[in-house]
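Shown next: model-v5.tsv, containing TSV, C-alpha atoms and all ligand atoms.
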```tsv
chain	number	residue	atom	x	y	z
A	99	MET	CA	12.65	15.16	-11.99
A	100	ARG	CA	9.96	14.61	-9.36
A	101	CYS	CA	6.41	13.68	-10.40
A	102	ALA	CA	3.25	13.06	-8.48
A	103	ILE	CA	1.31	10.12	-9.93
A	104	ILE	CA	-2.37	10.31	-9.07
A	105	SER	CA	-5.41	8.33	-10.14
A	106	ASP	CA	-9.14	8.01	-9.52
A	107	VAL	CA	-9.69	11.42	-7.95
A	108	HIS	CA	-13.44	10.98	-8.49
A	109	GLY	CA	-14.52	14.51	-7.69
A	110	ASN	CA	-13.00	14.42	-4.20
A	111	LEU	CA	-11.42	17.88	-4.00
A	112	ASP	CA	-10.42	17.67	-0.32
A	113	ALA	CA	-8.45	14.49	-0.99
A	114	LEU	CA	-6.87	15.97	-4.14
A	115	GLU	CA	-5.78	19.13	-2.32
A	116	ALA	CA	-4.33	17.08	0.55
A	117	VAL	CA	-2.36	14.93	-1.91
A	118	LEU	CA	-1.00	17.91	-3.85
A	119	ALA	CA	0.03	19.59	-0.58
A	120	ASP	CA	1.76	16.41	0.57
A	121	ALA	CA	3.60	16.08	-2.74
A	122	SER	CA	4.96	19.62	-2.65
A	123	ALA	CA	5.80	19.38	1.06
A	124	HIS	CA	8.49	16.89	0.02
A	125	GLY	CA	10.06	19.15	-2.63
A	126	ALA	CA	9.11	20.79	-5.89
A	127	VAL	CA	6.85	18.71	-8.14
A	128	ASP	CA	7.88	19.06	-11.78
A	129	GLN	CA	4.99	17.16	-13.32
A	130	LEU	CA	1.63	15.78	-12.36
A	131	TRP	CA	0.49	12.57	-14.07
A	132	CYS	CA	-3.15	11.57	-13.73
A	133	LEU	CA	-4.43	8.12	-14.67
A	134	GLY	CA	-8.08	8.97	-15.25
A	135	ASP	CA	-11.44	8.99	-13.45
A	136	LEU	CA	-11.15	12.64	-12.47
A	137	VAL	CA	-14.91	12.65	-11.81
A	138	GLY	CA	-17.75	10.36	-10.76
A	139	TYR	CA	-18.74	9.46	-7.15
A	140	GLY	CA	-17.50	12.66	-5.48
A	141	PRO	CA	-19.23	16.00	-4.83
A	142	GLN	CA	-16.84	18.43	-6.59
A	143	PRO	CA	-16.20	17.25	-10.16
A	144	ASN	CA	-15.75	20.71	-11.69
A	145	GLU	CA	-13.36	21.86	-8.99
A	146	CYS	CA	-11.20	18.76	-9.46
A	147	VAL	CA	-11.07	19.04	-13.26
A	148	SER	CA	-10.33	22.78	-13.06
A	149	LEU	CA	-7.55	22.28	-10.52
A	150	LEU	CA	-5.87	19.58	-12.60
A	151	ARG	CA	-6.16	21.74	-15.71
A	152	GLU	CA	-4.64	24.69	-13.84
A	153	ARG	CA	-1.76	22.52	-12.70
A	154	GLY	CA	-1.14	21.34	-16.26
A	155	ALA	CA	-1.58	17.69	-15.32
A	156	MET	CA	-0.93	15.07	-17.98
A	157	CYS	CA	-4.17	13.08	-17.91
A	158	VAL	CA	-5.64	10.04	-19.61
A	159	ALA	CA	-9.36	9.26	-19.74
A	160	GLY	CA	-11.16	6.87	-17.39
A	161	ASN	CA	-14.48	5.07	-17.72
A	162	HIS	CA	-16.19	7.46	-15.28
A	163	ASP	CA	-14.96	10.47	-17.26
A	164	TRP	CA	-16.51	9.04	-20.39
A	165	ALA	CA	-19.72	8.01	-18.62
A	166	ALA	CA	-20.22	11.49	-17.12
A	167	ILE	CA	-20.02	13.18	-20.53
A	168	GLY	CA	-22.16	10.54	-22.24
A	169	LYS	CA	-19.27	9.16	-24.29
A	170	MET	CA	-20.21	5.65	-23.15
A	171	ASP	CA	-23.33	4.23	-21.59
A	172	THR	CA	-23.47	3.07	-17.98
A	173	ALA	CA	-24.83	-0.43	-18.67
A	174	ASP	CA	-21.93	-2.01	-16.78
A	175	PHE	CA	-22.10	0.41	-13.85
A	176	ASN	CA	-23.75	-0.50	-10.56
A	177	PRO	CA	-26.81	1.63	-9.62
A	178	GLU	CA	-24.88	4.02	-7.34
A	179	ALA	CA	-22.16	4.59	-9.93
A	180	THR	CA	-24.80	5.27	-12.57
A	181	GLU	CA	-26.60	7.72	-10.29
A	182	ALA	CA	-23.33	9.53	-9.57
A	183	ALA	CA	-22.43	9.62	-13.29
A	184	VAL	CA	-25.78	11.20	-14.14
A	185	TRP	CA	-25.43	13.67	-11.24
A	186	THR	CA	-21.91	14.58	-12.43
A	187	GLY	CA	-22.97	14.93	-16.05
A	188	GLN	CA	-25.66	17.40	-15.09
A	189	ARG	CA	-23.15	19.61	-13.32
A	190	LEU	CA	-20.03	19.61	-15.48
A	191	THR	CA	-19.36	22.93	-17.18
A	192	GLU	CA	-19.09	23.01	-20.95
A	193	GLU	CA	-15.36	23.76	-20.66
A	194	ASN	CA	-14.73	20.79	-18.39
A	195	ARG	CA	-16.81	18.47	-20.57
A	196	THR	CA	-14.72	19.49	-23.57
A	197	TYR	CA	-11.54	18.89	-21.58
A	198	LEU	CA	-12.65	15.40	-20.49
A	199	ASP	CA	-13.78	14.60	-24.02
A	200	GLY	CA	-10.31	15.46	-25.33
A	201	LEU	CA	-8.36	13.22	-22.94
A	202	PRO	CA	-6.37	10.49	-24.71
A	203	GLU	CA	-6.64	6.80	-23.77
A	204	THR	CA	-2.89	6.44	-23.30
A	205	LEU	CA	0.09	8.78	-22.99
A	206	LEU	CA	3.84	8.48	-22.81
A	207	ALA	CA	5.56	10.20	-19.90
A	208	GLY	CA	8.99	10.56	-18.34
A	209	ASP	CA	12.19	12.26	-19.47
A	210	ALA	CA	12.93	9.43	-21.88
A	211	GLY	CA	9.33	8.28	-22.30
A	212	GLU	CA	9.86	5.43	-19.83
A	213	PHE	CA	6.22	5.29	-18.79
A	214	THR	CA	2.96	4.44	-20.54
A	215	LEU	CA	-0.04	5.94	-18.76
A	216	ALA	CA	-3.45	4.23	-19.00
A	217	HIS	CA	-6.53	4.09	-16.80
A	218	GLY	CA	-7.46	0.40	-16.83
A	219	SER	CA	-4.75	-1.51	-18.67
A	220	PRO	CA	-2.49	-0.98	-21.68
A	221	ARG	CA	-4.59	-3.56	-23.59
A	222	GLU	CA	-8.00	-2.06	-22.79
A	223	PRO	CA	-7.21	1.42	-21.44
A	224	ILE	CA	-10.72	2.39	-20.42
A	225	TRP	CA	-12.22	-0.84	-19.10
A	226	GLU	CA	-9.91	-3.67	-18.13
A	227	TYR	CA	-9.26	-4.20	-14.40
A	228	LEU	CA	-5.79	-5.41	-13.46
A	229	THR	CA	-6.72	-6.99	-10.16
A	230	HIS	CA	-4.69	-10.17	-10.50
A	231	LEU	CA	-1.37	-11.32	-11.86
A	232	SER	CA	-3.11	-13.74	-14.25
A	233	VAL	CA	-4.59	-10.82	-16.19
A	234	ALA	CA	-1.71	-8.40	-15.63
A	235	ARG	CA	0.87	-10.75	-17.16
A	236	LEU	CA	-1.08	-10.83	-20.45
A	237	ASN	CA	-0.76	-7.05	-20.64
A	238	PHE	CA	3.03	-6.77	-20.78
A	239	ASP	CA	2.95	-7.26	-24.56
A	240	TYR	CA	0.67	-4.25	-25.00
A	241	PHE	CA	3.10	-1.48	-24.08
A	242	GLN	CA	6.56	-0.67	-25.41
A	243	THR	CA	7.99	1.28	-22.49
A	244	PRO	CA	9.74	-0.31	-19.50
A	245	TYR	CA	6.91	0.70	-17.16
A	246	CYS	CA	3.17	1.15	-17.37
A	247	LEU	CA	1.10	3.11	-14.85
A	248	VAL	CA	-2.57	2.21	-14.36
A	249	GLY	CA	-5.44	3.02	-11.99
A	250	HIS	CA	-9.07	1.83	-12.11
A	251	THR	CA	-8.97	-0.79	-9.29
A	252	HIS	CA	-8.26	1.81	-6.57
A	253	VAL	CA	-5.73	-0.59	-5.00
A	254	PRO	CA	-1.97	0.20	-4.90
A	255	LEU	CA	-0.10	-2.72	-6.49
A	256	ILE	CA	2.98	-3.52	-8.57
A	257	PHE	CA	3.12	-6.33	-11.15
A	258	GLN	CA	6.63	-7.34	-12.08
A	259	ARG	CA	7.73	-9.27	-15.15
A	260	PRO	CA	10.77	-11.47	-14.56
A	261	GLU	CA	14.10	-10.58	-16.14
A	262	SER	CA	14.74	-12.68	-19.24
A	263	SER	CA	18.03	-13.78	-17.67
A	264	GLU	CA	16.30	-15.46	-14.72
A	265	LYS	CA	16.61	-19.24	-14.56
A	266	SER	CA	12.97	-19.94	-13.72
A	267	PRO	CA	11.16	-16.72	-14.59
A	268	GLN	CA	8.34	-15.85	-12.20
A	269	TYR	CA	5.91	-13.00	-12.54
A	270	ARG	CA	5.41	-11.32	-9.19
A	271	THR	CA	2.93	-9.11	-7.40
A	272	VAL	CA	4.38	-6.61	-4.95
A	273	VAL	CA	2.21	-4.75	-2.46
A	274	PRO	CA	4.06	-1.45	-2.08
A	275	ALA	CA	4.72	-0.26	1.46
A	276	ALA	CA	3.80	3.38	2.07
A	277	GLY	CA	6.85	5.58	2.49
A	278	THR	CA	9.35	2.98	1.23
A	279	PRO	CA	10.95	3.83	-2.13
A	280	PHE	CA	10.67	1.06	-4.74
A	281	ALA	CA	13.59	0.96	-7.18
A	282	LEU	CA	12.45	0.77	-10.80
A	283	GLY	CA	15.54	-0.75	-12.41
A	284	SER	CA	15.60	-2.91	-15.52
A	285	GLN	CA	12.56	-5.06	-14.68
A	286	ARG	CA	9.36	-4.33	-16.59
A	287	LEU	CA	6.51	-3.21	-14.35
A	288	ILE	CA	2.83	-2.36	-14.28
A	289	VAL	CA	2.21	-0.06	-11.33
A	290	ASN	CA	-1.01	1.15	-9.72
A	291	PRO	CA	-0.65	4.13	-7.33
A	292	GLY	CA	-4.06	3.53	-5.71
A	293	SER	CA	-6.88	6.06	-5.58
A	294	VAL	CA	-6.87	9.65	-4.38
A	295	GLY	CA	-10.60	10.07	-3.99
A	296	GLN	CA	-12.01	6.63	-3.15
A	297	PRO	CA	-9.42	4.14	-1.83
A	298	ARG	CA	-10.54	0.49	-1.83
A	299	ASP	CA	-7.75	-1.35	-0.07
A	300	GLY	CA	-9.11	-0.99	3.44
A	301	ASP	CA	-7.12	2.17	4.18
A	302	ALA	CA	-9.32	5.28	4.03
A	303	LYS	CA	-6.37	7.63	3.48
A	304	ALA	CA	-5.83	9.05	-0.02
A	305	ALA	CA	-3.19	7.17	-2.01
A	306	TYR	CA	-0.75	8.36	-4.66
A	307	MET	CA	2.87	7.82	-5.69
A	308	LEU	CA	5.89	10.05	-6.02
A	309	TYR	CA	8.32	9.35	-8.84
A	310	ASP	CA	11.87	10.49	-8.30
A	311	ALA	CA	13.87	10.09	-11.49
A	312	GLY	CA	17.12	10.06	-9.50
A	313	SER	CA	20.45	11.20	-10.86
A	314	GLY	CA	19.96	9.61	-14.25
A	315	LYS	CA	23.23	7.74	-13.83
A	316	GLY	CA	23.03	4.04	-14.41
A	317	LYS	CA	20.36	4.31	-17.05
A	318	SER	CA	20.42	1.21	-19.19
A	319	GLU	CA	20.27	1.23	-22.97
A	320	ARG	CA	16.71	-0.12	-22.73
A	321	GLY	CA	15.55	3.19	-21.27
A	322	ALA	CA	15.11	1.81	-17.76
A	323	SER	CA	15.11	4.36	-14.97
A	324	SER	CA	17.45	4.53	-12.02
A	325	GLY	CA	14.63	6.28	-10.17
A	326	THR	CA	12.17	5.21	-7.49
A	327	LEU	CA	8.44	5.16	-6.87
A	328	THR	CA	7.15	5.80	-3.38
A	329	LEU	CA	3.59	5.13	-2.30
A	330	ARG	CA	2.20	7.86	-0.04
A	331	ARG	CA	-0.93	7.75	2.13
A	332	VAL	CA	-2.46	11.08	3.11
A	333	ALA	CA	-5.14	11.86	5.66
A	334	TYR	CA	-7.83	14.29	4.49
A	335	PRO	CA	-11.07	15.59	6.04
A	336	ILE	CA	-13.31	12.64	5.13
A	337	ALA	CA	-16.27	13.91	7.21
A	338	THR	CA	-16.23	17.20	5.28
A	339	VAL	CA	-16.44	15.39	1.95
A	340	GLN	CA	-19.20	13.14	3.27
A	341	GLU	CA	-21.19	16.19	4.35
A	342	LYS	CA	-20.84	17.68	0.87
A	343	MET	CA	-22.01	14.37	-0.62
A	344	ARG	CA	-25.05	14.22	1.64
A	345	SER	CA	-26.01	17.80	0.79
A	346	ALA	CA	-25.64	16.95	-2.89
A	347	GLY	CA	-27.96	13.97	-2.48
A	348	LEU	CA	-25.35	11.45	-3.67
A	349	PRO	CA	-26.02	7.76	-2.78
A	350	PRO	CA	-25.48	6.93	0.95
A	351	ARG	CA	-23.37	3.86	0.14
A	352	LEU	CA	-20.86	6.06	-1.69
A	353	VAL	CA	-20.74	8.35	1.33
A	354	LEU	CA	-20.20	5.49	3.76
A	355	ARG	CA	-17.45	3.69	1.88
A	356	LEU	CA	-15.06	6.65	2.26
A	357	THR	CA	-14.97	5.97	6.03
A	358	TYR	CA	-13.62	2.47	5.50
A	359	GLY	CA	-11.78	2.57	2.19
A	360	TRP	CA	-13.72	-0.20	0.46
A	401	ZN	ZN	-12.19	4.80	-10.58
```

Would you mind writing the structure in this file as C-alpha cells?
Amino acid sequence: MRCAIISDVHGNLDALEAVLADASAHGAVDQLWCLGDLVGYGPQPNECVSLLRERGAMCVAGNHDWAAIGKMDTADFNPEATEAAVWTGQRLTEENRTYLDGLPETLLAGDAGEFTLAHGSPREPIWEYLTHLSVARLNFDYFQTPYCLVGHTHVPLIFQRPESSEKSPQYRTVVPAAGTPFALGSQRLIVNPGSVGQPRDGDAKAAYMLYDAGSGKGKSERGASSGTLTLRRVAYPIATVQEKMRSAGLPPRLVLRLTYGW
C-alpha cells in the first residue's frame, strides 16, 4: 500500500494539485490521509475541500476548519488568521461546511490500524502544538497505535520514543531529509509531514510524506510496520497563488510569507 500523507492545505489549490501530481508520478496512490486545516489562509477553500472529497481522502479536523465554520471562536488567532477565517467562512458552500463539520478529531489508518491521525496532538487533537520534544514526549501515552501522524506546526519533524530495551532511553527528534526513506520499525513515533499550503520551515516548497507499507514481511506482533515514510518537497506556482490572494483581498502578510516559507 502507498499513501500520501498531507496536512495544512489551507485553501492552497495550486500546492495541493502539485502534491497530488507528485505523489502519483511515483506510482499509484492507494489512500490519501489528511491531517486537517483544509481551509483558512488560502484563496481556494471550496476547491480544496471538493478535491479532497472527490479523492476520498481520510481527513481529521483542524482548528482552522472549525474556525471557518464557526465551530470555535477565533480568540486565540492572530488578526490575519482571524480575517482569513472570516473570509473563508463567508465563501464555503453549504455542502463543504457540512463536510468540515463532520470531520472527526482523530482517525485510525493503515492496513492494520498502525497509525493514529490527529491535527495538533493525540492529547489535544485540535489545539496542541508539538513543536518541541518536551511536549511531544508527554503525548506518547495518548495514542495506542505504534505511530501517530500530526500537522498544525507546518514543520516536518519526527519524534521518536526510545525502545524499552535501550540501556539509557533517550527520546529523539529527527528532522527528516527530503527524498530519503525513513524506516518505521518497532520504535513508537509521532510524525509531522509538514504543510502543503503554507510551509513554515524556511523552505517555500509544499511538503508532504509518502508512506510505503512495504512487503508486510517482518511485521512484529505489536503491529509495527516494515514500511517507510519519505518526506517530499514540491515546487508549485507560488506567484499564481499570491495573485489570487491579492485579488481576494486576503492580508498582505499571508501573501508574503508563501515566498519565504515562514
Ligand atoms: Zn495549519

Write out as a PyMOL selection string which residues come within 8 Å of Ile103 (chain A) when counting all atoms listed in the file, dropping same-chain ones fewer than 3 positions away. chain A and resi 130-133+291+306-309

Distance criterion (only C-alpha atoms): nearest to Met156 (chain A) out of A:Met170, A:Val272, A:Ala302, A:Leu198: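 When distances to Met156 (chain A) are compared using only C-alpha atoms, the smallest one comes from A:Leu198.
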
Kindly give the distance, in Å, that separates CA of Glu178 (chain A) and CA of Pro297 (chain A), rounded to a single decimal.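 It comes out at 16.4 Å.
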
Option closest in space to ligand ZN 401 (chain A), from A:Glu226, A:Asp199, A:Asp128, A:Asp112 [counting all atoms listed in the file]: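 Smallest separation from ligand ZN 401 (chain A) among the options: A:Glu226.
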
CA of Ala159 (chain A) to CA of Asn194 (chain A), straight-line distance in Å: 12.8 Å
